[in-house]
Amino acid sequence: MTTFAEPPPSAGVDDTCQLISEIIYSHFDTHQRSSDSTSKKNVSRAAEALHHDVRSFVLSNKNTDDEMTEEEVSEEVGAAVTRCMDGAMGVIASAAGSKKDSWAESVTSILELSAAFATASGKDELVAQAVIHRAVEYLSVEKDSIRTESCNMLGWCVENLVESSKPATSILKKKGSKNGGDAANTKQNSAASGWKLECILDVGRAIQPRLTDKIAKVRNAAISACVPYFSERAKLISSADSKDFEKMITSIQNTLLWIMTNDSSAPNRALVAQIVHVSEETIPYVIERVKDVDVKVREAALDSLRENVNLDDLTEDQRVEILRYGLTKRCPSTHAKAVELLCANWLKSSKFDPIDLLDSLNPVLNESVCELATEVIINMASKIDCEDSDDVGVELVRKHFGGPEVRSFQQQILKKRSITQSDDSELSPSLSFFLRVKCNAATNKVETISDVINDIPTLCNLLNSHVDKLIEFNKKEDEDMDEEERDAFEDAQNFICLQLIHMANTSELQEEGSRRHFISIMRSMLSRLATPDDLVDGCVKTMALAHDTESHFLQTISEILVDIEDDHSTDHDEKAIVVVRQMRTISILSFVLENIGGKMVGNPILTSTLQHLLPAITSKNAVIREHGVICLSKFCLLSEEDKIMGEFKPLLMQIAGSVEERVEVRAQAMLALCDLSLLHKNMLQFSDEGGNDESTTFKELLLEMLGHSKQGIAVIAAEVAAKLLLAGCLHDPTIVAWLLVIYFDASLSEVEDEDDVDGSEVKKVGSPVRLQQLLSIFFPTYSMSSLDANDAIMASVGPLLTIVNGKLEGKKQAKALNQWPVAKMVEYICYNVDLADKKKKEENIDETDQAELDEDNQVKEGVEGDHQAEDTAKDDETVVEASSTLLASIDIAEFLAEQGASAPTYYNRALAKMLGSASIDVDAEDTTLLSRLKSHAAEAEYSTDDGPTVNQIKKLLTVLVDVADIEEDERSYSSEDTSGEREEEEEEHEEKEDEESIATDKEDLSGEESFTTATFEENIEKENPRLSMGSLMKSPRLSMSSMKSAIEHESEVEETPSKRISLGAIN
């Protein structure tokens, strides 16, 4: 409960001031104790009662010794009300750490009464200004709950001022006194509006900084306080020449739009979407919130569009965008709100006519969105009169409609419509589309289809008439129509024909006579070269469904291709006819090859279609050649492997490797070879003899295209290489290096930003953005796929440095490294390698734990098995892998030593800086690799005269100062080998006492050695494939000390010197 401080003493009128204060305190105390103190009606009554008591007291003291002027009374009243506000804010300040429920009702009731008393009556300027100024002062305090309540109070003040600004009129006013009364009221209202406008402007200026407050609750309260500024009555306060009010409104609106887009608080974004003044400017911002990540924001945006925006206020693109993101199945609540907007607003404004609504959405260009909307409308019409419905959207729409509207809704949507119009009107795109979707969505298809389609011959006749109309339109040139109108008419007619074709597909063509008639119509349409290309796919697809078997369908397609060759009905010249004929053949075959099953491989009819395809591949037209290669790649997927290797692979290799061929055609040939390589492993089988094998040629071709000057070829080659590497067909460090160069090439992303491509372009093969996304997933996945892949990535450092050096040739400025940041590339390689190693170690630990658990559950059979397990564990401890940093440093130092003289100075400095900052643990790494690094670093130091480069290399050499050189290591190995041989000779000499015993000992030793050798190799092979004896000399990541320790350990187990690995082979 809030208590109020006593007023300060004032000279001359102490008693009167005290009484006024007591009246105000009494009313405030009574109001905060009432049960329903926060009700708007009760607050208004309490304010009127307080105002009445104060005025009565002033009138009772008139003409007395303690009489006060009106100004003094207003000042004292304002001071008393502000003290009540101070008491309420003091309660908030003293309630630190306590819950809001303990003080919220009391404080809210006092602040509401203060705002209502000061501004609701709208008569006392001094009291209103005193209260507002005190509330504005509280906006800058540190405690956020006080700022929040101050924002709420200022919002109530502005709302009361706006409400009280409406001029009062009386229905009993006489007509004769109208002019005089209006003049008096206008003068009075003008005087009142002046100070009210100043108060509103003061509040608006004070509220604006709080819209961007650091606390979300404060911003929420400030947003709510701005609601009255956008009401219709707020415009009555501002005079015609008041620019300050309009300027402030514009500033507040811009801030709210920024909040709706960028605020981190979802409730704040949702609140702005609800309250923002909807206009032509703000509608795009509200539509953008339909795509918000938070469901409450999306719902608020859809509610705002339904309540404040008419269908005519939106453009076609805006309507489609709202439905595309609103009618999503991923969020049921968003879908329900979009259904409510569609049915309760848009469809209702169209008088429940779905055809008119579809006309406004343009189904010709927005077919997918219109199909969603039509399905929703049909579903709503069938469920809206059902009492028990589990669809939330149906329940929301039902609240907006009464009984007559529900019946009108159902009658308009579900009434019978047919493709043949009774009034001889033409079939429109919207009507044909609605009928097609209605046939698809119908539960009782037989009845619905019979209403829409009388019979198949009628549908075919209507289809023929529209196709003939379209062909005649394309032949003649109508001067009354411009190009856009011609395109729109052609698109509409194509759309109608496609809808009719889809309707025939829906009818399922069960009757044999109808099915044969429809197939003949489709065949005649596909055989005519004048038939628009947009109808080809639909005709082939529907005709495929009309056949009972794939072989019959292929037979019909073969006959159609022959008919196309014989068609000369067009008026074009011979060259144009050849182009049209080849494109029609490719279009039909492409669809057939995409949708035919794998059982048709080697089918004679399918094989015979190749004769129609080969002329397109050898055509002089580049577009036809490109589509021909695409079609050929699909044909190869349905061909036998022997035929692919003997006929198609050499042809595709020739096309892909032809320098004179266009880029697009070569790219398609590369994609075809990639697909075939994934399907047939023999496509990339390397020659063991190292001859001119075709697979080697393909690899060289791939490397050539990765380094091509045209970005389109390089991007497609990179995608092909990524597929082959990830599939395990290749493990080439040079190819990996090229992928890294392309991935980090900054020029590719700059080209995409300039082109500003849309979403559909990004998804296409050859898009740099698509490639960036693929490679961002490729490198981590590839490094973890296998040890060979991980080693290939690690080994790509050397080729990478060489490739970047070639890219920098001729560029003298260090800014060139911004396009190819070699330091980031090497760091990225090490990161992926370490990530894969970490995952592999975790998997090994899990497997070891599981093996130990299984071993504990079993009974140990003998001591020999225990010794063998201990020996294997010792082997694992001796195996040490080199770090990725060390291996990368070796490659960098080797490059500086061998190619540093020909590389740019800034490039050498960048590489040397990497060496100087490399973190290498000398004690944990293998001494042989460290010696190798030291040798290369020393050679690099002597090969350059650049001071910064030398200084960085010296930093590395300082770290490696205690590492022995390679020659010393070799001498130590040699001495150990010699001493070991001498000991072996002495032992053998001492053991030669008896010929038979010597022979027996040798046999036993040989058997024991073979057993131990097999056991050692088997344990290493099981533990880690990368450490197998067969790959010891191939992988640089297996240290020399590890191999030496393994040999020594083997010697201890056998008690005799091992001859399986010679030291010479190791060196």
# chains A, B, ... in the order shown; residues from 1 in each chain; ligands from 1

call {"tool": "residues_around", "arguments": {"residues": "region 313-328 of chain A", "least_positions_apart": "3", "cutoff": "10 Å", "atoms": "only C-alpha atoms", "output": "PyMOL selection string"}}
result
chain A and resi 279-280+283-284+286-292+298-299+301-302+305+308-310+331-339+341-342+346+359-363+366+368-370+372-373+376

call {"tool": "residues_around", "arguments": {"residues": "Leu526 (chain A)", "least_positions_apart": "5", "cutoff": "12 Å", "atoms": "only C-alpha atoms", "output": "ChimeraX atom specification"}}
result
/A:467,519-521,531-543,556-565,567,581,584-585,587-589

call {"tool": "write_last_selection", "arguments": {"atoms": "N, CA and C atoms", "output": "short mmCIF file (atom, residue, chain, number, x, y, z; two decimals), in the first residue's frame"}}
result
data_model
loop_
_atom_site.label_atom_id
_atom_site.label_comp_id
_atom_site.auth_asym_id
_atom_site.auth_seq_id
_atom_site.Cartn_x
_atom_site.Cartn_y
_atom_site.Cartn_z
N VAL A 467 -5.42 -25.31 -78.40
CA VAL A 467 -4.11 -25.46 -79.04
C VAL A 467 -4.11 -24.83 -80.43
N ILE A 519 -4.78 -40.94 -76.05
CA ILE A 519 -3.40 -41.20 -76.50
C ILE A 519 -3.21 -40.72 -77.93
N SER A 520 -4.20 -40.93 -78.77
CA SER A 520 -4.08 -40.46 -80.16
C SER A 520 -4.01 -38.95 -80.24
N ILE A 521 -4.78 -38.27 -79.39
CA ILE A 521 -4.73 -36.80 -79.37
C ILE A 521 -3.36 -36.33 -78.91
N THR A 531 3.18 -27.29 -82.23
CA THR A 531 2.69 -27.33 -80.84
C THR A 531 3.68 -26.61 -79.94
N PRO A 532 3.21 -25.71 -79.06
CA PRO A 532 4.14 -24.97 -78.19
C PRO A 532 4.97 -25.91 -77.33
N ASP A 533 6.22 -25.52 -77.09
CA ASP A 533 7.13 -26.34 -76.30
C ASP A 533 6.69 -26.45 -74.84
N ASP A 534 5.94 -25.47 -74.35
CA ASP A 534 5.50 -25.51 -72.95
C ASP A 534 4.55 -26.66 -72.67
N LEU A 535 3.94 -27.22 -73.69
CA LEU A 535 2.97 -28.30 -73.50
C LEU A 535 3.61 -29.69 -73.63
N VAL A 536 4.88 -29.75 -74.03
CA VAL A 536 5.49 -31.05 -74.32
C VAL A 536 5.59 -31.91 -73.07
N ASP A 537 6.13 -31.36 -71.99
CA ASP A 537 6.31 -32.15 -70.77
C ASP A 537 4.99 -32.66 -70.23
N GLY A 538 3.98 -31.78 -70.21
CA GLY A 538 2.68 -32.20 -69.72
C GLY A 538 2.05 -33.30 -70.56
N CYS A 539 2.21 -33.18 -71.88
CA CYS A 539 1.65 -34.21 -72.77
C CYS A 539 2.35 -35.55 -72.58
N VAL A 540 3.68 -35.53 -72.49
CA VAL A 540 4.42 -36.78 -72.34
C VAL A 540 4.11 -37.42 -70.99
N LYS A 541 4.03 -36.62 -69.94
CA LYS A 541 3.74 -37.17 -68.62
C LYS A 541 2.36 -37.80 -68.56
N THR A 542 1.36 -37.12 -69.08
CA THR A 542 0.01 -37.66 -69.06
C THR A 542 -0.11 -38.88 -69.95
N MET A 543 0.56 -38.88 -71.09
CA MET A 543 0.52 -40.03 -71.98
C MET A 543 1.20 -41.23 -71.34
N THR A 556 5.25 -46.12 -78.30
CA THR A 556 4.54 -44.92 -78.75
C THR A 556 5.51 -43.75 -78.93
N ILE A 557 6.43 -43.60 -78.00
CA ILE A 557 7.43 -42.51 -78.10
C ILE A 557 8.29 -42.70 -79.35
N SER A 558 8.68 -43.94 -79.64
CA SER A 558 9.48 -44.21 -80.83
C SER A 558 8.72 -43.82 -82.09
N GLU A 559 7.44 -44.10 -82.14
CA GLU A 559 6.63 -43.72 -83.29
C GLU A 559 6.48 -42.21 -83.39
N ILE A 560 6.36 -41.55 -82.24
CA ILE A 560 6.26 -40.08 -82.26
C ILE A 560 7.53 -39.46 -82.81
N LEU A 561 8.68 -39.99 -82.42
CA LEU A 561 9.96 -39.45 -82.91
C LEU A 561 10.08 -39.62 -84.43
N VAL A 562 9.58 -40.72 -84.94
CA VAL A 562 9.58 -40.91 -86.40
C VAL A 562 8.64 -39.91 -87.07
N ASP A 563 7.47 -39.68 -86.46
CA ASP A 563 6.53 -38.71 -87.02
C ASP A 563 7.11 -37.30 -87.03
N ILE A 564 7.90 -36.99 -86.00
CA ILE A 564 8.52 -35.66 -85.94
C ILE A 564 9.50 -35.49 -87.10
N GLU A 565 10.24 -36.51 -87.41
CA GLU A 565 11.18 -36.44 -88.53
C GLU A 565 10.46 -36.21 -89.85
N ASP A 567 7.52 -34.58 -90.20
CA ASP A 567 6.61 -33.43 -90.18
C ASP A 567 7.24 -32.25 -90.90
N ARG A 581 12.95 -29.38 -84.80
CA ARG A 581 12.79 -30.83 -84.74
C ARG A 581 13.75 -31.43 -83.70
N ARG A 584 12.58 -30.54 -80.17
CA ARG A 584 11.41 -31.33 -79.78
C ARG A 584 11.83 -32.76 -79.42
N THR A 585 12.72 -33.34 -80.20
CA THR A 585 13.20 -34.69 -79.91
C THR A 585 13.90 -34.75 -78.56
N SER A 587 13.51 -32.70 -76.00
CA SER A 587 12.54 -32.47 -74.91
C SER A 587 11.79 -33.75 -74.57
N ILE A 588 11.34 -34.47 -75.59
CA ILE A 588 10.58 -35.69 -75.34
C ILE A 588 11.47 -36.76 -74.72
N LEU A 589 12.65 -36.95 -75.29
CA LEU A 589 13.54 -37.98 -74.78
C LEU A 589 14.02 -37.67 -73.35
#

call {"tool": "atom_distance", "arguments": {"atom1": "CA of Lys416 (chain A)", "atom2": "CA of Ser349 (chain A)"}}
result
21.8 Å

call {"tool": "residues_around", "arguments": {"residues": "Val963 (chain A)", "least_positions_apart": "5", "cutoff": "7 Å", "atoms": "only C-alpha atoms", "output": "compact mmCIF listing (two decimals) with N, CA, C and O atoms, in the first residue's frame"}}
result
# COMPACT_ATOMS: atom_id res chain seq x y z
N THR A 927 61.76 -36.85 -33.91
CA THR A 927 63.03 -36.16 -34.18
C THR A 927 63.39 -36.16 -35.65
O THR A 927 64.02 -35.22 -36.15
N LEU A 930 61.40 -33.44 -37.24
CA LEU A 930 61.94 -32.15 -36.78
C LEU A 930 63.25 -31.85 -37.48
O LEU A 930 63.52 -30.69 -37.85
N SER A 931 64.06 -32.87 -37.66
CA SER A 931 65.33 -32.66 -38.39
C SER A 931 65.06 -32.26 -39.84
O SER A 931 65.76 -31.40 -40.40

call {"tool": "closest_residue", "arguments": {"among": "A:Leu197, A:Ile215, A:Val73, A:Ala795", "to": "Leu126 (chain A)", "atoms": "only C-alpha atoms"}}
result
A:Val73

call {"tool": "residues_around", "arguments": {"residues": "region 738-749 of chain A", "least_positions_apart": "6", "cutoff": "8 Å", "atoms": "only C-alpha atoms", "output": "PyMOL selection string"}}
result
chain A and resi 706-707+711+714-715+718+721-722+768-769+771-772+775+800+803-804+818-821+825

call {"tool": "atom_distance", "arguments": {"atom1": "CA of Asn682 (chain A)", "atom2": "CA of Gly646 (chain A)"}}
result
11.7 Å

call {"tool": "residues_around", "arguments": {"residues": "Val797 (chain A)", "least_positions_apart": "3", "cutoff": "10 Å", "atoms": "only C-alpha atoms", "output": "PyMOL selection string"}}
result
chain A and resi 733-734+736-737+740+792-794+800-803+822+825-826+829-830+887-892+895

call {"tool": "residues_around", "arguments": {"residues": "Arg55 (chain A)", "least_positions_apart": "6", "cutoff": "12 Å", "atoms": "only C-alpha atoms", "output": "PDB file with C-alpha atoms, in the first residue's frame"}}
result
ATOM      1  CA  ILE A  20      -6.849  20.490  -0.734  1.00  0.00           C
ATOM      2  CA  ILE A  23      -8.972  15.806  -0.289  1.00  0.00           C
ATOM      3  CA  ILE A  24      -6.603  14.517  -2.966  1.00  0.00           C
ATOM      4  CA  GLU A  48     -14.448  12.965 -11.999  1.00  0.00           C
ATOM      5  CA  ALA A  49     -15.285  12.596  -8.310  1.00  0.00           C
ATOM      6  CA  ASN A  61     -14.025  29.054   0.161  1.00  0.00           C
ATOM      7  CA  LYS A  62     -14.777  31.778  -2.326  1.00  0.00           C
ATOM      8  CA  MET A  68      -7.057  31.281  -3.470  1.00  0.00           C
ATOM      9  CA  GLU A  70      -7.415  29.611  -9.781  1.00  0.00           C
ATOM     10  CA  VAL A  73      -5.360  26.170  -6.705  1.00  0.00           C
ATOM     11  CA  SER A  74      -4.028  24.512  -9.882  1.00  0.00           C
ATOM     12  CA  VAL A  77      -3.465  20.471  -6.873  1.00  0.00           C
ATOM     13  CA  ASP A 124      -6.569  22.419 -16.218  1.00  0.00           C
TER      14      ASP A 124
END

call {"tool": "residues_around", "arguments": {"residues": "Glu375 (chain A)", "least_positions_apart": "3", "cutoff": "8 Å", "atoms": "only C-alpha atoms", "output": "short mmCIF file (atom, residue, chain, number, x, y, z; two decimals) with N, CA and C atoms, in the first residue's frame"}}
result
data_model
loop_
_atom_site.label_atom_id
_atom_site.label_comp_id
_atom_site.auth_asym_id
_atom_site.auth_seq_id
_atom_site.Cartn_x
_atom_site.Cartn_y
_atom_site.Cartn_z
N GLU A 371 -2.48 -22.85 -55.76
CA GLU A 371 -2.96 -24.20 -55.45
C GLU A 371 -3.14 -24.38 -53.95
N LEU A 372 -2.21 -23.87 -53.16
CA LEU A 372 -2.37 -23.93 -51.71
C LEU A 372 -3.62 -23.19 -51.26
N ILE A 378 -11.39 -24.82 -50.50
CA ILE A 378 -12.26 -25.99 -50.69
C ILE A 378 -12.40 -26.78 -49.39
N ASN A 379 -11.30 -26.94 -48.66
CA ASN A 379 -11.35 -27.64 -47.38
C ASN A 379 -12.20 -26.88 -46.37
N VAL A 437 -7.84 -28.18 -59.55
CA VAL A 437 -7.55 -28.40 -58.13
C VAL A 437 -8.74 -29.05 -57.44
N LYS A 438 -9.93 -28.68 -57.83
CA LYS A 438 -11.14 -29.28 -57.24
C LYS A 438 -11.19 -30.77 -57.55
N ALA A 441 -8.58 -32.49 -55.29
CA ALA A 441 -8.87 -32.47 -53.85
C ALA A 441 -10.18 -33.16 -53.49
#

call {"tool": "closest_residue", "arguments": {"among": "A:Leu613, A:Ala669, A:Leu730, A:Leu787", "to": "Ile713 (chain A)", "atoms": "only C-alpha atoms"}}
result
A:Ala669

call {"tool": "closest_residue", "arguments": {"among": "A:Gln410, A:Ser658, A:Val446, A:Ile471", "to": "Pro354 (chain A)", "atoms": "only C-alpha atoms"}}
result
A:Gln410

call {"tool": "atom_distance", "arguments": {"atom1": "CA of Cys460 (chain A)", "atom2": "CA of Gln582 (chain A)"}}
result
26.9 Å

call {"tool": "closest_residue", "arguments": {"among": "A:Phe409, A:Phe591, A:Trp103, A:Trp258", "to": "Gln32 (chain A)", "atoms": "only C-alpha atoms"}}
result
A:Trp103

call {"tool": "closest_residue", "arguments": {"among": "A:Asn254, A:Gln421, A:Ser44, A:Ser639", "to": "Val601 (chain A)", "atoms": "only C-alpha atoms"}}
result
A:Ser639
